[in-house]
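*Asks:* Data: upload.pdb, PDB, C-alpha atoms.
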ATOM      1  CA  MET I   1     -15.651  46.665  32.710  1.00  0.00           C
ATOM      2  CA  ASP I   2     -14.739  43.246  34.083  1.00  0.00           C
ATOM      3  CA  TYR I   3     -15.136  40.097  32.005  1.00  0.00           C
ATOM      4  CA  GLN I   4     -18.214  38.893  33.878  1.00  0.00           C
ATOM      5  CA  PHE I   5     -20.098  42.072  33.069  1.00  0.00           C
ATOM      6  CA  ALA I   6     -19.049  41.786  29.423  1.00  0.00           C
ATOM      7  CA  LEU I   7     -20.154  38.146  29.383  1.00  0.00           C
ATOM      8  CA  ALA I   8     -23.514  38.972  30.946  1.00  0.00           C
ATOM      9  CA  LEU I   9     -24.010  41.662  28.323  1.00  0.00           C
ATOM     10  CA  ALA I  10     -22.820  39.661  25.343  1.00  0.00           C
ATOM     11  CA  LEU I  11     -24.541  36.321  25.998  1.00  0.00           C
ATOM     12  CA  PRO I  12     -28.169  37.384  25.504  1.00  0.00           C
ATOM     13  CA  ILE I  13     -27.200  39.551  22.542  1.00  0.00           C
ATOM     14  CA  GLY I  14     -25.352  36.651  20.930  1.00  0.00           C
ATOM     15  CA  LEU I  15     -28.234  34.268  21.516  1.00  0.00           C
ATOM     16  CA  ALA I  16     -30.719  36.764  20.131  1.00  0.00           C
ATOM     17  CA  LEU I  17     -28.575  37.282  17.018  1.00  0.00           C
ATOM     18  CA  ALA I  18     -28.386  33.515  16.510  1.00  0.00           C
ATOM     19  CA  ALA I  19     -32.150  33.189  16.881  1.00  0.00           C
ATOM     20  CA  ILE I  20     -32.769  36.059  14.451  1.00  0.00           C
ATOM     21  CA  GLY I  21     -30.326  34.604  11.932  1.00  0.00           C
ATOM     22  CA  SER I  22     -31.765  31.110  12.092  1.00  0.00           C
ATOM     23  CA  GLY I  23     -35.308  32.467  11.905  1.00  0.00           C
ATOM     24  CA  LEU I  24     -34.470  34.449   8.776  1.00  0.00           C
ATOM     25  CA  GLY I  25     -32.634  31.484   7.245  1.00  0.00           C
ATOM     26  CA  LEU I  26     -35.445  29.070   8.022  1.00  0.00           C
ATOM     27  CA  GLY I  27     -38.007  31.454   6.614  1.00  0.00           C
ATOM     28  CA  ARG I  28     -36.060  31.876   3.390  1.00  0.00           C
ATOM     29  CA  ALA I  29     -35.458  28.126   3.045  1.00  0.00           C
ATOM     30  CA  VAL I  30     -39.093  27.162   3.590  1.00  0.00           C
ATOM     31  CA  GLY I  31     -40.333  30.003   1.384  1.00  0.00           C
ATOM     32  CA  SER I  32     -38.070  28.959  -1.483  1.00  0.00           C
ATOM     33  CA  ALA I  33     -39.059  25.321  -1.049  1.00  0.00           C
ATOM     34  CA  MET I  34     -42.751  26.254  -1.178  1.00  0.00           C
ATOM     35  CA  GLU I  35     -42.142  28.201  -4.360  1.00  0.00           C
ATOM     36  CA  ALA I  36     -40.242  25.295  -5.901  1.00  0.00           C
ATOM     37  CA  MET I  37     -42.972  22.828  -4.904  1.00  0.00           C
ATOM     38  CA  GLY I  38     -45.600  25.108  -6.430  1.00  0.00           C
ATOM     39  CA  ARG I  39     -43.664  25.212  -9.698  1.00  0.00           C
ATOM     40  CA  GLN I  40     -42.830  21.515  -9.796  1.00  0.00           C
ATOM     41  CA  PRO I  41     -45.265  19.480  -7.685  1.00  0.00           C
ATOM     42  CA  GLU I  42     -43.857  16.214  -9.101  1.00  0.00           C
ATOM     43  CA  ALA I  43     -40.481  16.975  -7.477  1.00  0.00           C
ATOM     44  CA  SER I  44     -42.010  17.755  -4.071  1.00  0.00           C
ATOM     45  CA  GLY I  45     -40.541  14.623  -2.450  1.00  0.00           C
ATOM     46  CA  LYS I  46     -36.977  15.631  -3.268  1.00  0.00           C
ATOM     47  CA  ILE I  47     -37.569  19.266  -2.353  1.00  0.00           C
ATOM     48  CA  GLN I  48     -39.134  18.243   0.960  1.00  0.00           C
ATOM     49  CA  THR I  49     -36.188  16.009   1.844  1.00  0.00           C
ATOM     50  CA  GLY I  50     -33.708  18.782   1.138  1.00  0.00           C
ATOM     51  CA  MET I  51     -35.818  21.245   3.075  1.00  0.00           C
ATOM     52  CA  ILE I  52     -36.063  18.939   6.118  1.00  0.00           C
ATOM     53  CA  ILE I  53     -32.290  18.398   6.243  1.00  0.00           C
ATOM     54  CA  GLY I  54     -31.682  22.122   5.759  1.00  0.00           C
ATOM     55  CA  ALA I  55     -34.172  23.029   8.479  1.00  0.00           C
ATOM     56  CA  ALA I  56     -32.532  20.560  10.865  1.00  0.00           C
ATOM     57  CA  LEU I  57     -29.103  22.050  10.112  1.00  0.00           C
ATOM     58  CA  ILE I  58     -30.329  25.601  10.687  1.00  0.00           C
ATOM     59  CA  GLU I  59     -31.991  24.592  13.949  1.00  0.00           C
ATOM     60  CA  ALA I  60     -28.864  22.764  15.036  1.00  0.00           C
ATOM     61  CA  LEU I  61     -26.905  26.013  14.784  1.00  0.00           C
ATOM     62  CA  THR I  62     -29.374  27.680  17.140  1.00  0.00           C
ATOM     63  CA  ILE I  63     -29.051  24.761  19.532  1.00  0.00           C
ATOM     64  CA  TYR I  64     -25.255  25.082  19.416  1.00  0.00           C
ATOM     65  CA  SER I  65     -25.550  28.723  20.443  1.00  0.00           C
ATOM     66  CA  LEU I  66     -28.034  27.741  23.165  1.00  0.00           C
ATOM     67  CA  VAL I  67     -25.557  25.163  24.497  1.00  0.00           C
ATOM     68  CA  GLY I  68     -22.829  27.818  24.444  1.00  0.00           C
ATOM     69  CA  PHE I  69     -25.171  30.125  26.313  1.00  0.00           C
ATOM     70  CA  PHE I  70     -25.831  27.522  29.025  1.00  0.00           C
ATOM     71  CA  ILE I  71     -22.132  26.712  29.390  1.00  0.00           C
ATOM     72  CA  LEU I  72     -21.014  30.335  29.578  1.00  0.00           C
ATOM     73  CA  SER I  73     -23.891  31.503  31.781  1.00  0.00           C
ATOM     74  CA  GLY I  74     -22.484  29.233  34.498  1.00  0.00           C
ATOM     75  CA  LYS I  75     -19.357  31.401  34.515  1.00  0.00           C
ATOM     76  CA  ILE I  76     -21.267  34.560  35.454  1.00  0.00           C
ATOM     77  CA  GLY I  77     -20.887  34.950  39.169  1.00  0.00           C
TER      78      GLY I  77
ATOM     79  CA  MET X   1     -34.315  10.520  -2.687  1.00  0.00           C
ATOM     80  CA  GLY X   2     -37.653  10.852  -0.931  1.00  0.00           C
ATOM     81  CA  LEU X   3     -38.743  10.889   2.661  1.00  0.00           C
ATOM     82  CA  GLU X   4     -37.437   7.365   3.243  1.00  0.00           C
ATOM     83  CA  PHE X   5     -33.963   8.893   2.954  1.00  0.00           C
ATOM     84  CA  ILE X   6     -34.604  10.758   6.239  1.00  0.00           C
ATOM     85  CA  SER X   7     -35.789   7.551   7.898  1.00  0.00           C
ATOM     86  CA  ARG X   8     -32.609   5.787   6.770  1.00  0.00           C
ATOM     87  CA  ILE X   9     -30.477   8.640   8.159  1.00  0.00           C
ATOM     88  CA  ILE X  10     -32.282   8.352  11.518  1.00  0.00           C
ATOM     89  CA  ARG X  11     -31.877   4.547  11.613  1.00  0.00           C
ATOM     90  CA  MET X  12     -28.196   4.709  10.650  1.00  0.00           C
ATOM     91  CA  THR X  13     -27.475   7.425  13.229  1.00  0.00           C
ATOM     92  CA  LEU X  14     -29.071   5.406  16.028  1.00  0.00           C
ATOM     93  CA  ILE X  15     -27.129   2.266  15.053  1.00  0.00           C
ATOM     94  CA  LEU X  16     -23.878   4.240  14.866  1.00  0.00           C
ATOM     95  CA  ALA X  17     -24.540   5.973  18.199  1.00  0.00           C
ATOM     96  CA  VAL X  18     -25.237   2.662  19.948  1.00  0.00           C
ATOM     97  CA  LEU X  19     -22.039   1.172  18.495  1.00  0.00           C
ATOM     98  CA  ILE X  20     -19.999   4.233  19.542  1.00  0.00           C
ATOM     99  CA  ALA X  21     -21.542   4.113  23.026  1.00  0.00           C
ATOM    100  CA  LEU X  22     -20.759   0.412  23.427  1.00  0.00           C
ATOM    101  CA  PHE X  23     -17.167   0.675  22.227  1.00  0.00           C
ATOM    102  CA  GLY X  24     -16.585   3.949  24.056  1.00  0.00           C
ATOM    103  CA  SER X  25     -17.940   2.666  27.350  1.00  0.00           C
ATOM    104  CA  VAL X  26     -15.685  -0.391  27.179  1.00  0.00           C
ATOM    105  CA  TYR X  27     -12.495   1.242  25.913  1.00  0.00           C
ATOM    106  CA  TYR X  28     -12.771   4.937  26.885  1.00  0.00           C
ATOM    107  CA  ASN X  29     -15.246   6.425  29.376  1.00  0.00           C
ATOM    108  CA  TRP X  30     -18.872   5.391  29.926  1.00  0.00           C
ATOM    109  CA  GLN X  31     -20.043   8.918  30.830  1.00  0.00           C
ATOM    110  CA  GLU X  32     -18.706  10.442  27.626  1.00  0.00           C
ATOM    111  CA  SER X  33     -20.096   7.542  25.614  1.00  0.00           C
ATOM    112  CA  LEU X  34     -23.528   7.857  27.179  1.00  0.00           C
ATOM    113  CA  GLY X  35     -23.363  11.603  26.502  1.00  0.00           C
ATOM    114  CA  ILE X  36     -22.701  10.903  22.817  1.00  0.00           C
ATOM    115  CA  LEU X  37     -25.621   8.440  22.733  1.00  0.00           C
ATOM    116  CA  LEU X  38     -27.993  10.912  24.404  1.00  0.00           C
ATOM    117  CA  GLY X  39     -26.804  13.715  22.113  1.00  0.00           C
ATOM    118  CA  ALA X  40     -27.486  11.493  19.111  1.00  0.00           C
ATOM    119  CA  VAL X  41     -30.979  10.702  20.431  1.00  0.00           C
ATOM    120  CA  TRP X  42     -31.517  14.446  20.882  1.00  0.00           C
ATOM    121  CA  GLY X  43     -30.509  15.073  17.256  1.00  0.00           C
ATOM    122  CA  VAL X  44     -32.637  12.192  16.000  1.00  0.00           C
ATOM    123  CA  LEU X  45     -35.699  13.464  17.869  1.00  0.00           C
ATOM    124  CA  ASN X  46     -35.052  16.926  16.439  1.00  0.00           C
ATOM    125  CA  LEU X  47     -34.970  15.624  12.861  1.00  0.00           C
ATOM    126  CA  TYR X  48     -37.922  13.279  13.454  1.00  0.00           C
ATOM    127  CA  PHE X  49     -40.147  16.072  14.745  1.00  0.00           C
ATOM    128  CA  ILE X  50     -39.046  18.469  12.001  1.00  0.00           C
ATOM    129  CA  LYS X  51     -39.920  15.802   9.446  1.00  0.00           C
ATOM    130  CA  GLY X  52     -43.287  15.191  11.102  1.00  0.00           C
ATOM    131  CA  VAL X  53     -44.183  18.872  11.231  1.00  0.00           C
ATOM    132  CA  ILE X  54     -43.117  19.546   7.643  1.00  0.00           C
ATOM    133  CA  VAL X  55     -44.886  16.467   6.280  1.00  0.00           C
ATOM    134  CA  GLN X  56     -48.085  17.292   8.155  1.00  0.00           C
ATOM    135  CA  VAL X  57     -48.127  20.998   7.372  1.00  0.00           C
ATOM    136  CA  VAL X  58     -46.324  21.396   4.064  1.00  0.00           C
ATOM    137  CA  THR X  59     -47.523  18.703   1.720  1.00  0.00           C
ATOM    138  CA  PRO X  60     -49.583  18.940  -1.422  1.00  0.00           C
ATOM    139  CA  LYS X  61     -51.615  15.984  -0.083  1.00  0.00           C
ATOM    140  CA  GLU X  62     -54.219  15.867   2.691  1.00  0.00           C
ATOM    141  CA  THR X  63     -52.806  17.210   5.974  1.00  0.00           C
ATOM    142  CA  GLN X  64     -53.735  16.438   9.579  1.00  0.00           C
ATOM    143  CA  LYS X  65     -53.803  19.758  11.367  1.00  0.00           C
ATOM    144  CA  SER X  66     -54.355  18.291  14.847  1.00  0.00           C
ATOM    145  CA  LEU X  67     -51.340  15.964  14.506  1.00  0.00           C
ATOM    146  CA  ALA X  68     -49.228  18.859  13.258  1.00  0.00           C
ATOM    147  CA  PHE X  69     -50.301  20.938  16.258  1.00  0.00           C
ATOM    148  CA  ILE X  70     -49.422  18.112  18.679  1.00  0.00           C
ATOM    149  CA  LEU X  71     -46.014  17.684  16.994  1.00  0.00           C
ATOM    150  CA  VAL X  72     -45.249  21.396  17.273  1.00  0.00           C
ATOM    151  CA  VAL X  73     -46.358  21.495  20.921  1.00  0.00           C
ATOM    152  CA  VAL X  74     -44.299  18.405  21.794  1.00  0.00           C
ATOM    153  CA  LYS X  75     -41.252  19.329  19.682  1.00  0.00           C
ATOM    154  CA  PHE X  76     -40.151  22.471  21.459  1.00  0.00           C
ATOM    155  CA  PRO X  77     -40.261  21.146  25.052  1.00  0.00           C
ATOM    156  CA  VAL X  78     -38.531  17.963  23.904  1.00  0.00           C
ATOM    157  CA  LEU X  79     -35.796  19.874  22.116  1.00  0.00           C
ATOM    158  CA  TYR X  80     -35.021  22.707  24.432  1.00  0.00           C
ATOM    159  CA  VAL X  81     -36.125  21.605  27.903  1.00  0.00           C
ATOM    160  CA  ALA X  82     -34.651  18.115  27.518  1.00  0.00           C
ATOM    161  CA  GLY X  83     -31.456  19.649  26.200  1.00  0.00           C
ATOM    162  CA  TYR X  84     -31.347  22.065  29.090  1.00  0.00           C
ATOM    163  CA  PHE X  85     -31.783  19.267  31.632  1.00  0.00           C
ATOM    164  CA  LEU X  86     -29.112  17.169  29.916  1.00  0.00           C
ATOM    165  CA  LEU X  87     -26.692  20.081  30.191  1.00  0.00           C
ATOM    166  CA  ALA X  88     -27.782  21.234  33.634  1.00  0.00           C
ATOM    167  CA  CYS X  89     -27.606  17.821  35.295  1.00  0.00           C
ATOM    168  CA  GLY X  90     -23.814  17.896  34.936  1.00  0.00           C
ATOM    169  CA  TYR X  91     -23.360  14.150  34.373  1.00  0.00           C
ATOM    170  CA  PHE X  92     -22.387  14.531  30.743  1.00  0.00           C
ATOM    171  CA  SER X  93     -19.867  16.918  29.263  1.00  0.00           C
ATOM    172  CA  PRO X  94     -21.276  19.435  26.751  1.00  0.00           C
ATOM    173  CA  GLN X  95     -18.646  18.314  24.244  1.00  0.00           C
ATOM    174  CA  SER X  96     -19.924  14.727  24.225  1.00  0.00           C
ATOM    175  CA  LEU X  97     -23.536  15.903  23.870  1.00  0.00           C
ATOM    176  CA  LEU X  98     -22.580  18.144  20.958  1.00  0.00           C
ATOM    177  CA  ILE X  99     -20.603  15.359  19.269  1.00  0.00           C
ATOM    178  CA  GLY X 100     -23.672  13.112  19.551  1.00  0.00           C
ATOM    179  CA  PHE X 101     -25.962  15.888  18.354  1.00  0.00           C
ATOM    180  CA  SER X 102     -23.763  16.474  15.304  1.00  0.00           C
ATOM    181  CA  LEU X 103     -23.563  12.772  14.460  1.00  0.00           C
ATOM    182  CA  ILE X 104     -26.788  12.872  12.456  1.00  0.00           C
ATOM    183  CA  PHE X 105     -25.371  15.561  10.171  1.00  0.00           C
ATOM    184  CA  ALA X 106     -22.189  13.587   9.619  1.00  0.00           C
ATOM    185  CA  VAL X 107     -24.323  10.577   8.659  1.00  0.00           C
ATOM    186  CA  ALA X 108     -26.484  12.702   6.342  1.00  0.00           C
ATOM    187  CA  PHE X 109     -23.410  14.266   4.711  1.00  0.00           C
ATOM    188  CA  LEU X 110     -21.758  10.884   4.141  1.00  0.00           C
ATOM    189  CA  LYS X 111     -24.975   9.402   2.757  1.00  0.00           C
ATOM    190  CA  VAL X 112     -25.421  12.284   0.315  1.00  0.00           C
ATOM    191  CA  LEU X 113     -21.735  12.081  -0.631  1.00  0.00           C
ATOM    192  CA  GLY X 114     -22.130   8.368  -1.303  1.00  0.00           C
ATOM    193  CA  ARG X 115     -25.157   8.987  -3.507  1.00  0.00           C
ATOM    194  CA  VAL X 116     -23.305  11.682  -5.453  1.00  0.00           C
ATOM    195  CA  LEU X 117     -20.166   9.556  -5.915  1.00  0.00           C
ATOM    196  CA  LEU X 118     -22.142   6.498  -6.969  1.00  0.00           C
ATOM    197  CA  LYS X 119     -24.398   8.660  -9.198  1.00  0.00           C
ATOM    198  CA  MET X 120     -27.470   6.981  -7.702  1.00  0.00           C
ATOM    199  CA  ASP X 121     -29.813   9.854  -8.552  1.00  0.00           C
ATOM    200  CA  MET X 122     -28.764   9.602 -12.194  1.00  0.00           C
ATOM    201  CA  ILE X 123     -29.398   5.836 -12.175  1.00  0.00           C
ATOM    202  CA  GLU X 124     -32.880   6.349 -10.675  1.00  0.00           C
ATOM    203  CA  PHE X 125     -33.618   9.049 -13.244  1.00  0.00           C
ATOM    204  CA  LYS X 126     -32.588   6.758 -16.106  1.00  0.00           C
ATOM    205  CA  LYS X 127     -34.739   3.941 -14.719  1.00  0.00           C
ATOM    206  CA  LYS X 128     -37.771   6.242 -14.738  1.00  0.00           C
ATOM    207  CA  GLN X 129     -37.306   7.021 -18.438  1.00  0.00           C
ATOM    208  CA  PRO X 130     -39.522   4.722 -20.579  1.00  0.00           C
ATOM    209  CA  ASP X 131     -36.831   3.926 -23.196  1.00  0.00           C
ATOM    210  CA  GLY X 132     -33.967   3.687 -20.678  1.00  0.00           C
ATOM    211  CA  ASN X 133     -31.930   6.643 -21.956  1.00  0.00           C
ATOM    212  CA  SER X 134     -32.109  10.276 -20.799  1.00  0.00           C
TER     213      SER X 134
END
Written as structure tokens, how would this file's structure read?
*Replies:*
Amino acid sequence: MDYQFALALALPIGLALAAIGSGLGLGRAVGSAMEAMGRQPEASGKIQTGMIIGAALIEALTIYSLVGFFILSGKIG
Amino acid sequence: MGLEFISRIIRMTLILAVLIALFGSVYYNWQESLGILLGAVWGVLNLYFIKGVIVQVVTPKETQKSLAFILVVVKFPVLYVAGYFLLACGYFSPQSLLIGFSLIFAVAFLKVLGRVLLKMDMIEFKKKQPDGNS
């Protein structure tokens, strides 16, 4: 197995794992925030702010893996 | 620490990115500096659209479903297709784009750290108490 074949095999799998992980993380974060907002509606502003920053961080990780995918896919001949 | 905190993070990131781009283009390399600026704009747009979607969809108040739909439809092409074209055009190095993209998180982290060190949340909480003590 040469390295290009391994790269072609590993890149989509890696990207899919990143997407699955960030989807699960985002779902958990938003679900927990909804629960917290339902319990304490007066604190919804603070919860929302934390949730937005957390969601942006989680999405940023997916974008990092997407950038890595684009960079490395150029090396597949 | 409400939603205006996000707006301040976005404003601060844009100011910082412009300053970095100006100094970098004069003293270092204009392509790398422009890459950092564009990466920062990419990150800012990401956070702005996430904020818009969450505020429109997930609020206890009245929501605007049509605006939320437009934000979701616009967000994904803006994020991924624009990012792809930025990377594919080859003018900017991926490192500079990623540094710019990560700038917003550095700003957010430093702002939160500042609030924690200055105990600003505690001060706001004490101000909200009617007799002034917790």
*Asks:* Taking the file above as input, evaluate the PyMOL selection byres ((chain X) within 7 of (chain I)) and report the hits as a PyMOL selection string.
*Replies:* chain X and resi 1-3+47+50-51
*Asks:* Would you work out the distance separating CA of Arg28 in chain I from CA of Lys119 in chain X, expressed in Å to one decimal?
*Replies:*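 Separation between CA of Arg28 in chain I and CA of Lys119 in chain X: 28.9 Å.
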*Asks:* For a cutoff of 12 Å around the file-coordinate point (-42.1, 15.8, 22.7), which residues qualify once you count only C-alpha atoms? I'd like the result as an mmCIF file with C-alpha atoms, in the coordinates of the input.
*Replies:*
data_model
loop_
_atom_site.group_PDB
_atom_site.id
_atom_site.type_symbol
_atom_site.label_atom_id
_atom_site.label_comp_id
_atom_site.auth_asym_id
_atom_site.auth_seq_id
_atom_site.Cartn_x
_atom_site.Cartn_y
_atom_site.Cartn_z
ATOM 1 C CA TRP X 42 -31.517 14.446 20.882
ATOM 2 C CA LEU X 45 -35.699 13.464 17.869
ATOM 3 C CA ASN X 46 -35.052 16.926 16.439
ATOM 4 C CA TYR X 48 -37.922 13.279 13.454
ATOM 5 C CA PHE X 49 -40.147 16.072 14.745
ATOM 6 C CA ILE X 50 -39.046 18.469 12.001
ATOM 7 C CA GLY X 52 -43.287 15.191 11.102
ATOM 8 C CA PHE X 69 -50.301 20.938 16.258
ATOM 9 C CA ILE X 70 -49.422 18.112 18.679
ATOM 10 C CA LEU X 71 -46.014 17.684 16.994
ATOM 11 C CA VAL X 72 -45.249 21.396 17.273
ATOM 12 C CA VAL X 73 -46.358 21.495 20.921
ATOM 13 C CA VAL X 74 -44.299 18.405 21.794
ATOM 14 C CA LYS X 75 -41.252 19.329 19.682
ATOM 15 C CA PHE X 76 -40.151 22.471 21.459
ATOM 16 C CA PRO X 77 -40.261 21.146 25.052
ATOM 17 C CA VAL X 78 -38.531 17.963 23.904
ATOM 18 C CA LEU X 79 -35.796 19.874 22.116
ATOM 19 C CA TYR X 80 -35.021 22.707 24.432
ATOM 20 C CA VAL X 81 -36.125 21.605 27.903
ATOM 21 C CA ALA X 82 -34.651 18.115 27.518
ATOM 22 C CA GLY X 83 -31.456 19.649 26.200
#
*Asks:* Selection in question (the file shown): the PyMOL selection byres ((chain I and resi 11) around 12). Which residues does it include, as an MDAnalysis selection string?
*Replies:* chainID I and resid 3:10 12:18 65:76
*Asks:* Do you know which residues are at most 8 Å from Ile36 in chain X counting all atoms listed in the file, after dropping those on the same chain fewer than 2 positions away, and could you put them as a VMD selection string?
*Replies:* chain X and resid 17 20 to 21 32 to 34 38 to 40 96 to 101
*Asks:* Carefully work through the PyMOL selection byres ((chain X and resi 106) around 12) for this structure and note down the residues it includes, as a ChimeraX atom specification.
*Replies:* /I:53,57 /X:9-10,12-13,16-17,40,43,99-105,107-113
*Asks:* As AutoDock Vina command-line options, please: the centre and edge lengths in Å, to one decimal, of an axis-aligned box enclosing every listed atom of range 113-118 of chain X with 3 Å added on each side.
*Replies:*
--center_x -22.7 --center_y 9.3 --center_z -3.8 --size_x 11.0 --size_y 11.6 --size_z 12.3
*Asks:* Find, counting only C-alpha atoms, the residue in X:Val41, X:Gln64, X:Val53, X:Gln31 that gets nearest to Gln95 in chain X.
*Replies:*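 The closest residue to Gln95 in chain X is X:Gln31.
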*Asks:* What separation in Å, quoted to one decimal, exists between CA of Leu61 in chain I and CA of Phe92 in chain X?
*Replies:*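 Interatomic distance here is 20.2 Å.
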*Asks:* So how many Å separate CA of Ala29 in chain I and CA of Tyr84 in chain X, to one decimal?
*Replies:*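 Distance between the two atoms: 27.1 Å.
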*Asks:* May I ask which of the residues I:Gly54, I:Asp2, I:Ala19, I:Glu35 is the closest one to Ile6 in chain X, counting all atoms listed in the file?
*Replies:*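 When distances to Ile6 in chain X are compared using all atoms listed in the file, the smallest one comes from I:Gly54.
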